[in-house]
Structure formats: C-alpha cells, structure tokens
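One file, work-v2.cif, is given below (mmCIF, N, CA and C atoms).
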data_start
loop_
_atom_site.group_PDB
_atom_site.id
_atom_site.type_symbol
_atom_site.label_atom_id
_atom_site.label_comp_id
_atom_site.auth_asym_id
_atom_site.auth_seq_id
_atom_site.Cartn_x
_atom_site.Cartn_y
_atom_site.Cartn_z
ATOM 1 N N MET K 1 -132.698 -178.287 96.388
ATOM 2 C CA MET K 1 -131.449 -178.932 96.097
ATOM 3 C C MET K 1 -130.408 -177.848 95.871
ATOM 4 N N ALA K 2 -129.204 -178.077 96.292
ATOM 5 C CA ALA K 2 -128.105 -177.139 96.088
ATOM 6 C C ALA K 2 -127.040 -177.803 95.214
ATOM 7 N N ILE K 3 -126.548 -177.023 94.266
ATOM 8 C CA ILE K 3 -125.500 -177.497 93.363
ATOM 9 C C ILE K 3 -124.420 -176.435 93.314
ATOM 10 N N THR K 4 -123.174 -176.861 93.421
ATOM 11 C CA THR K 4 -122.065 -175.936 93.229
ATOM 12 C C THR K 4 -121.901 -175.764 91.723
ATOM 13 N N PRO K 5 -122.140 -174.556 91.209
ATOM 14 C CA PRO K 5 -122.205 -174.383 89.759
ATOM 15 C C PRO K 5 -120.893 -174.548 89.023
ATOM 16 N N ASP K 6 -119.759 -174.412 89.712
ATOM 17 C CA ASP K 6 -118.504 -174.549 88.980
ATOM 18 C C ASP K 6 -118.015 -175.988 88.940
ATOM 19 N N GLY K 7 -118.831 -176.911 89.406
ATOM 20 C CA GLY K 7 -118.523 -178.328 89.275
ATOM 21 C C GLY K 7 -117.419 -178.786 90.202
ATOM 22 N N PRO K 8 -117.132 -180.084 90.209
ATOM 23 C CA PRO K 8 -116.147 -180.617 91.137
ATOM 24 C C PRO K 8 -114.700 -180.325 90.758
ATOM 25 N N ARG K 9 -114.466 -179.875 89.532
ATOM 26 C CA ARG K 9 -113.081 -179.647 89.090
ATOM 27 C C ARG K 9 -112.838 -178.256 88.527
ATOM 28 N N GLY K 10 -113.843 -177.397 88.545
ATOM 29 C CA GLY K 10 -113.633 -176.021 88.097
ATOM 30 C C GLY K 10 -113.783 -175.853 86.613
ATOM 31 N N PRO K 11 -113.356 -174.745 86.094
ATOM 32 C CA PRO K 11 -112.632 -173.676 86.786
ATOM 33 C C PRO K 11 -113.534 -172.898 87.743
ATOM 34 N N ALA K 12 -112.903 -172.301 88.736
ATOM 35 C CA ALA K 12 -113.627 -171.560 89.763
ATOM 36 C C ALA K 12 -114.409 -170.405 89.149
ATOM 37 N N ASN K 13 -115.588 -170.154 89.701
ATOM 38 C CA ASN K 13 -116.452 -169.030 89.316
ATOM 39 C C ASN K 13 -116.989 -169.102 87.894
ATOM 40 N N LYS K 14 -116.970 -170.251 87.293
ATOM 41 C CA LYS K 14 -117.560 -170.460 85.969
ATOM 42 C C LYS K 14 -118.701 -171.448 86.110
ATOM 43 N N PHE K 15 -119.851 -171.129 85.533
ATOM 44 C CA PHE K 15 -121.000 -172.011 85.615
ATOM 45 C C PHE K 15 -120.800 -173.192 84.682
ATOM 46 N N ALA K 16 -120.743 -174.387 85.250
ATOM 47 C CA ALA K 16 -120.695 -175.597 84.436
ATOM 48 C C ALA K 16 -122.086 -175.804 83.836
ATOM 49 N N PRO K 17 -122.188 -176.344 82.640
ATOM 50 C CA PRO K 17 -123.497 -176.471 81.998
ATOM 51 C C PRO K 17 -124.460 -177.404 82.726
ATOM 52 N N GLY K 18 -123.957 -178.336 83.538
ATOM 53 C CA GLY K 18 -124.829 -179.300 84.198
ATOM 54 C C GLY K 18 -125.893 -178.668 85.076
ATOM 55 N N ALA K 19 -125.524 -177.680 85.877
ATOM 56 C CA ALA K 19 -126.482 -177.014 86.759
ATOM 57 C C ALA K 19 -127.543 -176.273 85.944
ATOM 58 N N LEU K 20 -127.126 -175.662 84.857
ATOM 59 C CA LEU K 20 -128.065 -174.920 84.014
ATOM 60 C C LEU K 20 -129.023 -175.864 83.295
ATOM 61 N N ILE K 21 -128.500 -176.973 82.799
ATOM 62 C CA ILE K 21 -129.349 -177.951 82.108
ATOM 63 C C ILE K 21 -130.335 -178.577 83.082
ATOM 64 N N ALA K 22 -129.879 -178.901 84.296
ATOM 65 C CA ALA K 22 -130.780 -179.487 85.300
ATOM 66 C C ALA K 22 -131.906 -178.518 85.644
ATOM 67 N N ALA K 23 -131.573 -177.239 85.819
ATOM 68 C CA ALA K 23 -132.601 -176.240 86.142
ATOM 69 C C ALA K 23 -133.564 -176.054 84.976
ATOM 70 N N GLN K 24 -133.053 -176.083 83.759
ATOM 71 C CA GLN K 24 -133.911 -175.919 82.580
ATOM 72 C C GLN K 24 -134.854 -177.099 82.442
ATOM 73 N N ARG K 25 -134.350 -178.305 82.637
ATOM 74 C CA ARG K 25 -135.185 -179.512 82.521
ATOM 75 C C ARG K 25 -136.250 -179.571 83.612
ATOM 76 N N ALA K 26 -135.895 -179.114 84.813
ATOM 77 C CA ALA K 26 -136.835 -179.156 85.943
ATOM 78 C C ALA K 26 -137.747 -177.938 85.977
ATOM 79 N N ASP K 27 -137.503 -176.976 85.075
ATOM 80 C CA ASP K 27 -138.268 -175.724 85.056
ATOM 81 C C ASP K 27 -138.260 -175.086 86.449
ATOM 82 N N SER K 28 -137.060 -175.039 87.034
ATOM 83 C CA SER K 28 -136.926 -174.491 88.381
ATOM 84 C C SER K 28 -136.030 -173.253 88.385
ATOM 85 N N PHE K 29 -136.065 -172.551 89.479
ATOM 86 C CA PHE K 29 -135.270 -171.343 89.639
ATOM 87 C C PHE K 29 -133.870 -171.684 90.120
ATOM 88 N N ILE K 30 -132.930 -170.835 89.757
ATOM 89 C CA ILE K 30 -131.586 -170.861 90.322
ATOM 90 C C ILE K 30 -131.505 -169.647 91.239
ATOM 91 N N VAL K 31 -131.112 -169.874 92.490
ATOM 92 C CA VAL K 31 -130.967 -168.791 93.458
ATOM 93 C C VAL K 31 -129.477 -168.647 93.771
ATOM 94 N N PRO K 32 -128.832 -167.594 93.249
ATOM 95 C CA PRO K 32 -127.416 -167.391 93.570
ATOM 96 C C PRO K 32 -127.257 -167.214 95.085
ATOM 97 N N THR K 33 -126.388 -168.009 95.692
ATOM 98 C CA THR K 33 -126.163 -167.962 97.124
ATOM 99 C C THR K 33 -124.664 -167.948 97.379
ATOM 100 N N VAL K 34 -124.208 -166.994 98.176
ATOM 101 C CA VAL K 34 -122.781 -166.879 98.468
ATOM 102 C C VAL K 34 -122.570 -166.701 99.966
ATOM 103 N N ALA K 35 -121.392 -167.101 100.425
ATOM 104 C CA ALA K 35 -120.979 -166.878 101.809
ATOM 105 C C ALA K 35 -119.611 -166.216 101.785
ATOM 106 N N VAL K 36 -119.471 -165.140 102.556
ATOM 107 C CA VAL K 36 -118.213 -164.404 102.631
ATOM 108 C C VAL K 36 -117.840 -164.278 104.100
ATOM 109 N N ALA K 37 -116.605 -164.640 104.444
ATOM 110 C CA ALA K 37 -116.129 -164.522 105.822
ATOM 111 C C ALA K 37 -115.126 -163.378 105.916
ATOM 112 N N ASP K 38 -115.194 -162.635 107.033
ATOM 113 C CA ASP K 38 -114.254 -161.529 107.187
ATOM 114 C C ASP K 38 -112.848 -162.019 107.554
ATOM 115 N N ARG K 39 -112.745 -163.231 108.123
ATOM 116 C CA ARG K 39 -111.455 -163.852 108.417
ATOM 117 C C ARG K 39 -111.575 -165.331 108.090
ATOM 118 N N ALA K 40 -110.671 -165.813 107.230
ATOM 119 C CA ALA K 40 -110.766 -167.223 106.834
ATOM 120 C C ALA K 40 -109.431 -167.728 106.331
ATOM 121 N N TRP K 41 -109.286 -169.033 106.421
ATOM 122 C CA TRP K 41 -108.176 -169.702 105.755
ATOM 123 C C TRP K 41 -108.665 -170.099 104.373
ATOM 124 N N HIS K 42 -107.780 -170.023 103.384
ATOM 125 C CA HIS K 42 -108.116 -170.439 102.018
ATOM 126 C C HIS K 42 -107.147 -171.541 101.607
ATOM 127 N N LEU K 43 -107.694 -172.693 101.236
ATOM 128 C CA LEU K 43 -106.852 -173.807 100.810
ATOM 129 C C LEU K 43 -106.213 -173.495 99.461
ATOM 130 N N ARG K 44 -105.139 -174.175 99.173
ATOM 131 C CA ARG K 44 -104.433 -173.975 97.902
ATOM 132 C C ARG K 44 -104.973 -174.879 96.813
ATOM 133 N N SER K 45 -106.272 -175.093 96.826
ATOM 134 C CA SER K 45 -106.934 -175.913 95.820
ATOM 135 C C SER K 45 -107.413 -175.013 94.685
ATOM 136 N N TRP K 46 -107.921 -175.630 93.610
ATOM 137 C CA TRP K 46 -108.368 -174.857 92.442
ATOM 138 C C TRP K 46 -109.475 -173.878 92.797
ATOM 139 N N ASP K 47 -110.286 -174.196 93.817
ATOM 140 C CA ASP K 47 -111.417 -173.326 94.147
ATOM 141 C C ASP K 47 -111.144 -172.403 95.335
ATOM 142 N N ARG K 48 -109.921 -172.480 95.897
ATOM 143 C CA ARG K 48 -109.551 -171.651 97.061
ATOM 144 C C ARG K 48 -110.563 -171.842 98.187
ATOM 145 N N PHE K 49 -110.911 -173.094 98.480
ATOM 146 C CA PHE K 49 -111.902 -173.446 99.497
ATOM 147 C C PHE K 49 -111.668 -172.635 100.759
ATOM 148 N N MET K 50 -112.738 -172.057 101.305
ATOM 149 C CA MET K 50 -112.654 -171.165 102.445
ATOM 150 C C MET K 50 -113.099 -171.869 103.719
ATOM 151 N N ILE K 51 -112.294 -171.724 104.774
ATOM 152 C CA ILE K 51 -112.650 -172.219 106.099
ATOM 153 C C ILE K 51 -112.650 -171.003 107.027
ATOM 154 N N PRO K 52 -113.816 -170.572 107.493
ATOM 155 C CA PRO K 52 -113.856 -169.408 108.386
ATOM 156 C C PRO K 52 -113.063 -169.662 109.670
ATOM 157 N N LYS K 53 -112.324 -168.648 110.099
ATOM 158 C CA LYS K 53 -111.574 -168.743 111.349
ATOM 159 C C LYS K 53 -112.549 -168.618 112.521
ATOM 160 N N PRO K 54 -112.136 -169.095 113.708
ATOM 161 C CA PRO K 54 -113.010 -168.969 114.879
ATOM 162 C C PRO K 54 -113.449 -167.518 115.091
ATOM 163 N N PHE K 55 -114.709 -167.342 115.378
ATOM 164 C CA PHE K 55 -115.336 -166.042 115.650
ATOM 165 C C PHE K 55 -115.383 -165.117 114.432
ATOM 166 N N ALA K 56 -115.149 -165.646 113.255
ATOM 167 C CA ALA K 56 -115.261 -164.841 112.034
ATOM 168 C C ALA K 56 -116.724 -164.485 111.800
ATOM 169 N N ARG K 57 -116.936 -163.347 111.177
ATOM 170 C CA ARG K 57 -118.286 -162.959 110.780
ATOM 171 C C ARG K 57 -118.514 -163.468 109.360
ATOM 172 N N VAL K 58 -119.525 -164.300 109.207
ATOM 173 C CA VAL K 58 -119.847 -164.860 107.900
ATOM 174 C C VAL K 58 -121.145 -164.224 107.412
ATOM 175 N N THR K 59 -121.088 -163.631 106.237
ATOM 176 C CA THR K 59 -122.260 -163.016 105.620
ATOM 177 C C THR K 59 -122.740 -163.918 104.492
ATOM 178 N N ILE K 60 -124.028 -164.228 104.516
ATOM 179 C CA ILE K 60 -124.630 -165.033 103.454
ATOM 180 C C ILE K 60 -125.588 -164.140 102.684
ATOM 181 N N ALA K 61 -125.459 -164.136 101.372
ATOM 182 C CA ALA K 61 -126.318 -163.300 100.527
ATOM 183 C C ALA K 61 -126.994 -164.174 99.479
ATOM 184 N N TYR K 62 -128.239 -163.833 99.202
ATOM 185 C CA TYR K 62 -129.040 -164.529 98.192
ATOM 186 C C TYR K 62 -129.373 -163.552 97.080
ATOM 187 N N GLY K 63 -129.155 -163.978 95.846
ATOM 188 C CA GLY K 63 -129.517 -163.163 94.698
ATOM 189 C C GLY K 63 -130.953 -163.408 94.285
ATOM 190 N N THR K 64 -131.328 -162.790 93.214
ATOM 191 C CA THR K 64 -132.686 -162.920 92.687
ATOM 192 C C THR K 64 -132.907 -164.303 92.080
ATOM 193 N N PRO K 65 -133.964 -165.011 92.489
ATOM 194 C CA PRO K 65 -134.269 -166.298 91.852
ATOM 195 C C PRO K 65 -134.510 -166.080 90.352
ATOM 196 N N THR K 66 -133.811 -166.847 89.529
ATOM 197 C CA THR K 66 -133.849 -166.651 88.088
ATOM 198 C C THR K 66 -134.000 -167.985 87.383
ATOM 199 N N LYS K 67 -134.781 -168.008 86.322
ATOM 200 C CA LYS K 67 -134.940 -169.220 85.519
ATOM 201 C C LYS K 67 -134.033 -169.170 84.291
ATOM 202 N N VAL K 68 -133.670 -170.341 83.810
ATOM 203 C CA VAL K 68 -132.954 -170.464 82.546
ATOM 204 C C VAL K 68 -133.963 -170.156 81.456
ATOM 205 N N LEU K 69 -133.628 -169.234 80.570
ATOM 206 C CA LEU K 69 -134.575 -168.777 79.551
ATOM 207 C C LEU K 69 -134.593 -169.655 78.303
ATOM 208 N N ALA K 70 -133.524 -170.381 78.059
ATOM 209 C CA ALA K 70 -133.403 -171.169 76.826
ATOM 210 C C ALA K 70 -134.422 -172.300 76.785
ATOM 211 N N SER K 71 -134.848 -172.633 75.578
ATOM 212 C CA SER K 71 -135.803 -173.726 75.404
ATOM 213 C C SER K 71 -135.112 -175.037 75.022
ATOM 214 N N THR K 72 -133.821 -174.973 74.702
ATOM 215 C CA THR K 72 -133.080 -176.181 74.338
ATOM 216 C C THR K 72 -131.963 -176.419 75.354
ATOM 217 N N LEU K 73 -131.489 -177.658 75.407
ATOM 218 C CA LEU K 73 -130.398 -177.977 76.325
ATOM 219 C C LEU K 73 -129.122 -177.235 75.940
ATOM 220 N N ARG K 74 -128.854 -177.132 74.657
ATOM 221 C CA ARG K 74 -127.665 -176.405 74.201
ATOM 222 C C ARG K 74 -127.767 -174.927 74.583
ATOM 223 N N GLY K 75 -128.943 -174.369 74.416
ATOM 224 C CA GLY K 75 -129.162 -172.971 74.792
ATOM 225 C C GLY K 75 -128.996 -172.760 76.285
ATOM 226 N N ALA K 76 -129.471 -173.718 77.080
ATOM 227 C CA ALA K 76 -129.315 -173.617 78.534
ATOM 228 C C ALA K 76 -127.841 -173.617 78.913
ATOM 229 N N ALA K 77 -127.071 -174.483 78.271
ATOM 230 C CA ALA K 77 -125.642 -174.565 78.569
ATOM 231 C C ALA K 77 -124.918 -173.272 78.223
ATOM 232 N N GLU K 78 -125.447 -172.518 77.281
ATOM 233 C CA GLU K 78 -124.797 -171.279 76.842
ATOM 234 C C GLU K 78 -125.176 -170.062 77.688
ATOM 235 N N GLU K 79 -126.023 -170.237 78.702
ATOM 236 C CA GLU K 79 -126.424 -169.117 79.550
ATOM 237 C C GLU K 79 -125.484 -168.903 80.745
ATOM 238 N N GLY K 80 -124.362 -169.570 80.737
ATOM 239 C CA GLY K 80 -123.421 -169.477 81.850
ATOM 240 C C GLY K 80 -123.000 -168.068 82.199
ATOM 241 N N ASN K 81 -122.700 -167.253 81.195
ATOM 242 C CA ASN K 81 -122.243 -165.883 81.466
ATOM 243 C C ASN K 81 -123.277 -165.075 82.234
ATOM 244 N N ARG K 82 -124.537 -165.238 81.900
ATOM 245 C CA ARG K 82 -125.604 -164.489 82.583
ATOM 246 C C ARG K 82 -125.665 -164.882 84.055
ATOM 247 N N PHE K 83 -125.534 -166.168 84.346
ATOM 248 C CA PHE K 83 -125.598 -166.623 85.725
ATOM 249 C C PHE K 83 -124.316 -166.313 86.495
ATOM 250 N N GLU K 84 -123.189 -166.254 85.805
ATOM 251 C CA GLU K 84 -121.946 -165.820 86.464
ATOM 252 C C GLU K 84 -122.077 -164.373 86.922
ATOM 253 N N GLU K 85 -122.716 -163.531 86.135
ATOM 254 C CA GLU K 85 -122.930 -162.142 86.523
ATOM 255 C C GLU K 85 -123.886 -162.055 87.720
ATOM 256 N N LEU K 86 -124.928 -162.869 87.745
ATOM 257 C CA LEU K 86 -125.839 -162.893 88.893
ATOM 258 C C LEU K 86 -125.100 -163.322 90.162
ATOM 259 N N MET K 87 -124.184 -164.281 90.038
ATOM 260 C CA MET K 87 -123.396 -164.719 91.191
ATOM 261 C C MET K 87 -122.450 -163.604 91.641
ATOM 262 N N SER K 88 -121.836 -162.907 90.697
ATOM 263 C CA SER K 88 -120.956 -161.788 91.040
ATOM 264 C C SER K 88 -121.722 -160.698 91.772
ATOM 265 N N GLU K 89 -122.946 -160.455 91.358
ATOM 266 C CA GLU K 89 -123.797 -159.461 92.028
ATOM 267 C C GLU K 89 -124.074 -159.878 93.471
ATOM 268 N N ALA K 90 -124.326 -161.160 93.706
ATOM 269 C CA ALA K 90 -124.568 -161.651 95.059
ATOM 270 C C ALA K 90 -123.296 -161.508 95.920
ATOM 271 N N ILE K 91 -122.145 -161.742 95.320
ATOM 272 C CA ILE K 91 -120.865 -161.560 96.051
ATOM 273 C C ILE K 91 -120.705 -160.101 96.452
ATOM 274 N N ARG K 92 -121.012 -159.185 95.558
ATOM 275 C CA ARG K 92 -120.926 -157.743 95.891
ATOM 276 C C ARG K 92 -121.887 -157.393 97.016
ATOM 277 N N MET K 93 -123.097 -157.967 97.006
ATOM 278 C CA MET K 93 -124.074 -157.699 98.068
ATOM 279 C C MET K 93 -123.552 -158.181 99.424
ATOM 280 N N ALA K 94 -122.797 -159.280 99.425
ATOM 281 C CA ALA K 94 -122.272 -159.837 100.672
ATOM 282 C C ALA K 94 -121.030 -159.089 101.153
ATOM 283 N N GLY K 95 -120.510 -158.219 100.314
ATOM 284 C CA GLY K 95 -119.326 -157.452 100.697
ATOM 285 C C GLY K 95 -118.023 -158.146 100.389
ATOM 286 N N GLY K 96 -118.080 -159.097 99.466
ATOM 287 C CA GLY K 96 -116.867 -159.853 99.134
ATOM 288 C C GLY K 96 -116.162 -159.365 97.921
#

Output the file's structure as structure tokens, nothing else.
Amino acid sequence: MAITPDGPRGPANKFAPGALIAAQRADSFIVPTVAVADRAWHLRSWDRFMIPKPFARVTIAYGTPTKVLASTLRGAAEEGNRFEELMSEAIRMAGG
C-alpha cells in the first residue's frame, strides 16, 4: 500500500501522524520513495504537484525500509521528524 505522508492538505514535506500510526498498528515497514524529474511543471498548489515534461528524465529513489519504533499510538505520531529526515535522504539520493 502507498500513502502520501503529508496528507491531502499538507503541509508539504511533513509526515502526518496517520501514516505513522497505520504502519505502527500493522507492524509494517515504511519505505521512503521519491521521484525527481529533471524538467517538470509545478502546480501552484500547496504541495507544488509535479508534472514531468515530455522526454524528462525521472529518477525514482527508495530509502531504507524502516519501522515505527514507538509502542503507543501517541509515540508513533511523534516520530514524524525521524521519517522526514529519511525522506530527505531519499530526495538527496535521487538528486533532487
């Protein structure tokens, strides 16, 4: 299953607690996944939605599969900063 971690309304690049709580409850891994295009249009929406231009090179990078370490739902929701850093690392790997 794939979930956009910043939720449907943002703020952009911030992990909403829902994805972390779902992963903690399911005892599953979160795999940071990013796509970076060398040429793209960016919408003027809160998330700057990217549409790759024709013939653009799109790089997809996967980070290290990581589990939520907290044993409580509140603790899981508070792990956002750690997962934001993992996502930033995946963006750097993709060259973005």

Expanded to explicit residues, what is the PyMOL selection byres ((chain K and resi 59) around 7) for this file, as JSON, numbers by chain?
{"K": [34, 35, 36, 37, 38, 57, 58, 60, 61, 94]}

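Between atom N of Glu89 in chain K and CA of Arg74 in chain K there is a distance of 23.9 Å.
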
Within 6.5 Å of Ala16 in chain K, counting only N, CA and C atoms, which residues show up once you throw out same-chain ones fewer than 3 positions away? Write them as a PyMOL selection string, please.
chain K and resi 5-7+19-20+77

Arg39 in chain K environment, 12 Å, only C-alpha atoms, sequence neighbours closer than 6 positions dropped, as a CSV table (one decimal) with N, CA and C atoms, in the coordinates of the input:
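The new file out13.csv reads:
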chain,number,residue,atom,x,y,z
K,50,MET,N,-112.7,-172.1,101.3
K,50,MET,CA,-112.7,-171.2,102.4
K,50,MET,C,-113.1,-171.9,103.7
K,51,ILE,N,-112.3,-171.7,104.8
K,51,ILE,CA,-112.6,-172.2,106.1
K,51,ILE,C,-112.6,-171.0,107.0
K,52,PRO,N,-113.8,-170.6,107.5
K,52,PRO,CA,-113.9,-169.4,108.4
K,52,PRO,C,-113.1,-169.7,109.7
K,53,LYS,N,-112.3,-168.6,110.1
K,53,LYS,CA,-111.6,-168.7,111.3
K,53,LYS,C,-112.5,-168.6,112.5
K,54,PRO,N,-112.1,-169.1,113.7
K,54,PRO,CA,-113.0,-169.0,114.9
K,54,PRO,C,-113.4,-167.5,115.1
K,55,PHE,N,-114.7,-167.3,115.4
K,55,PHE,CA,-115.3,-166.0,115.6
K,55,PHE,C,-115.4,-165.1,114.4
K,56,ALA,N,-115.1,-165.6,113.3
K,56,ALA,CA,-115.3,-164.8,112.0
K,56,ALA,C,-116.7,-164.5,111.8
K,57,ARG,N,-116.9,-163.3,111.2
K,57,ARG,CA,-118.3,-163.0,110.8
K,57,ARG,C,-118.5,-163.5,109.4
K,58,VAL,N,-119.5,-164.3,109.2
K,58,VAL,CA,-119.8,-164.9,107.9
K,58,VAL,C,-121.1,-164.2,107.4
K,59,THR,N,-121.1,-163.6,106.2
K,59,THR,CA,-122.3,-163.0,105.6
K,59,THR,C,-122.7,-163.9,104.5
K,96,GLY,N,-118.1,-159.1,99.5
K,96,GLY,CA,-116.9,-159.9,99.1
K,96,GLY,C,-116.2,-159.4,97.9

Fewer than 6 positions away in the same chain doesn't count, so skip those; otherwise give me all residues within 7 Å of Gly63 in chain K, counting only C-alpha atoms, as a ChimeraX atom specification.
/K:31-33,86,90

For Glu79 in chain K, please output as a VMD selection string all residues within 8 Å (counting only N, CA and C atoms; exclusion window: fewer than 4 positions along the same chain).
chain K and resid 15 17 20 68 to 70 74 to 75 83 to 84

Nearest to Arg82 in chain K, chosen from K:Ala12, K:Thr66, K:Trp46, K:Gln24, with only C-alpha atoms counted in the distances:
K:Thr66

Out of chain K, which residues get strand (DSSP E) from DSSP, as a ChimeraX atom specification?
/K:29-30,33-37,40-42,50-52,58-62,66-67

Would you write out those residues with N, CA and C atoms, as a compact mmCIF listing (two decimals), keeping the file's coordinate frame?
# COMPACT_ATOMS: atom_id res chain seq x y z
N PHE K 29 -136.06 -172.55 89.48
CA PHE K 29 -135.27 -171.34 89.64
C PHE K 29 -133.87 -171.68 90.12
N ILE K 30 -132.93 -170.84 89.76
CA ILE K 30 -131.59 -170.86 90.32
C ILE K 30 -131.50 -169.65 91.24
N THR K 33 -126.39 -168.01 95.69
CA THR K 33 -126.16 -167.96 97.12
C THR K 33 -124.66 -167.95 97.38
N VAL K 34 -124.21 -166.99 98.18
CA VAL K 34 -122.78 -166.88 98.47
C VAL K 34 -122.57 -166.70 99.97
N ALA K 35 -121.39 -167.10 100.42
CA ALA K 35 -120.98 -166.88 101.81
C ALA K 35 -119.61 -166.22 101.78
N VAL K 36 -119.47 -165.14 102.56
CA VAL K 36 -118.21 -164.40 102.63
C VAL K 36 -117.84 -164.28 104.10
N ALA K 37 -116.60 -164.64 104.44
CA ALA K 37 -116.13 -164.52 105.82
C ALA K 37 -115.13 -163.38 105.92
N ALA K 40 -110.67 -165.81 107.23
CA ALA K 40 -110.77 -167.22 106.83
C ALA K 40 -109.43 -167.73 106.33
N TRP K 41 -109.29 -169.03 106.42
CA TRP K 41 -108.18 -169.70 105.76
C TRP K 41 -108.66 -170.10 104.37
N HIS K 42 -107.78 -170.02 103.38
CA HIS K 42 -108.12 -170.44 102.02
C HIS K 42 -107.15 -171.54 101.61
N MET K 50 -112.74 -172.06 101.30
CA MET K 50 -112.65 -171.16 102.44
C MET K 50 -113.10 -171.87 103.72
N ILE K 51 -112.29 -171.72 104.77
CA ILE K 51 -112.65 -172.22 106.10
C ILE K 51 -112.65 -171.00 107.03
N PRO K 52 -113.82 -170.57 107.49
CA PRO K 52 -113.86 -169.41 108.39
C PRO K 52 -113.06 -169.66 109.67
N VAL K 58 -119.52 -164.30 109.21
CA VAL K 58 -119.85 -164.86 107.90
C VAL K 58 -121.14 -164.22 107.41
N THR K 59 -121.09 -163.63 106.24
CA THR K 59 -122.26 -163.02 105.62
C THR K 59 -122.74 -163.92 104.49
N ILE K 60 -124.03 -164.23 104.52
CA ILE K 60 -124.63 -165.03 103.45
C ILE K 60 -125.59 -164.14 102.68
N ALA K 61 -125.46 -164.14 101.37
CA ALA K 61 -126.32 -163.30 100.53
C ALA K 61 -126.99 -164.17 99.48
N TYR K 62 -128.24 -163.83 99.20
CA TYR K 62 -129.04 -164.53 98.19
C TYR K 62 -129.37 -163.55 97.08
N THR K 66 -133.81 -166.85 89.53
CA THR K 66 -133.85 -166.65 88.09
C THR K 66 -134.00 -167.98 87.38
N LYS K 67 -134.78 -168.01 86.32
CA LYS K 67 -134.94 -169.22 85.52
C LYS K 67 -134.03 -169.17 84.29

Please, which residues of chain K, numbered as in this document, come out alpha helix (DSSP H) from DSSP, as a PyMOL selection string?
chain K and resi 17-26+73-77+80-94
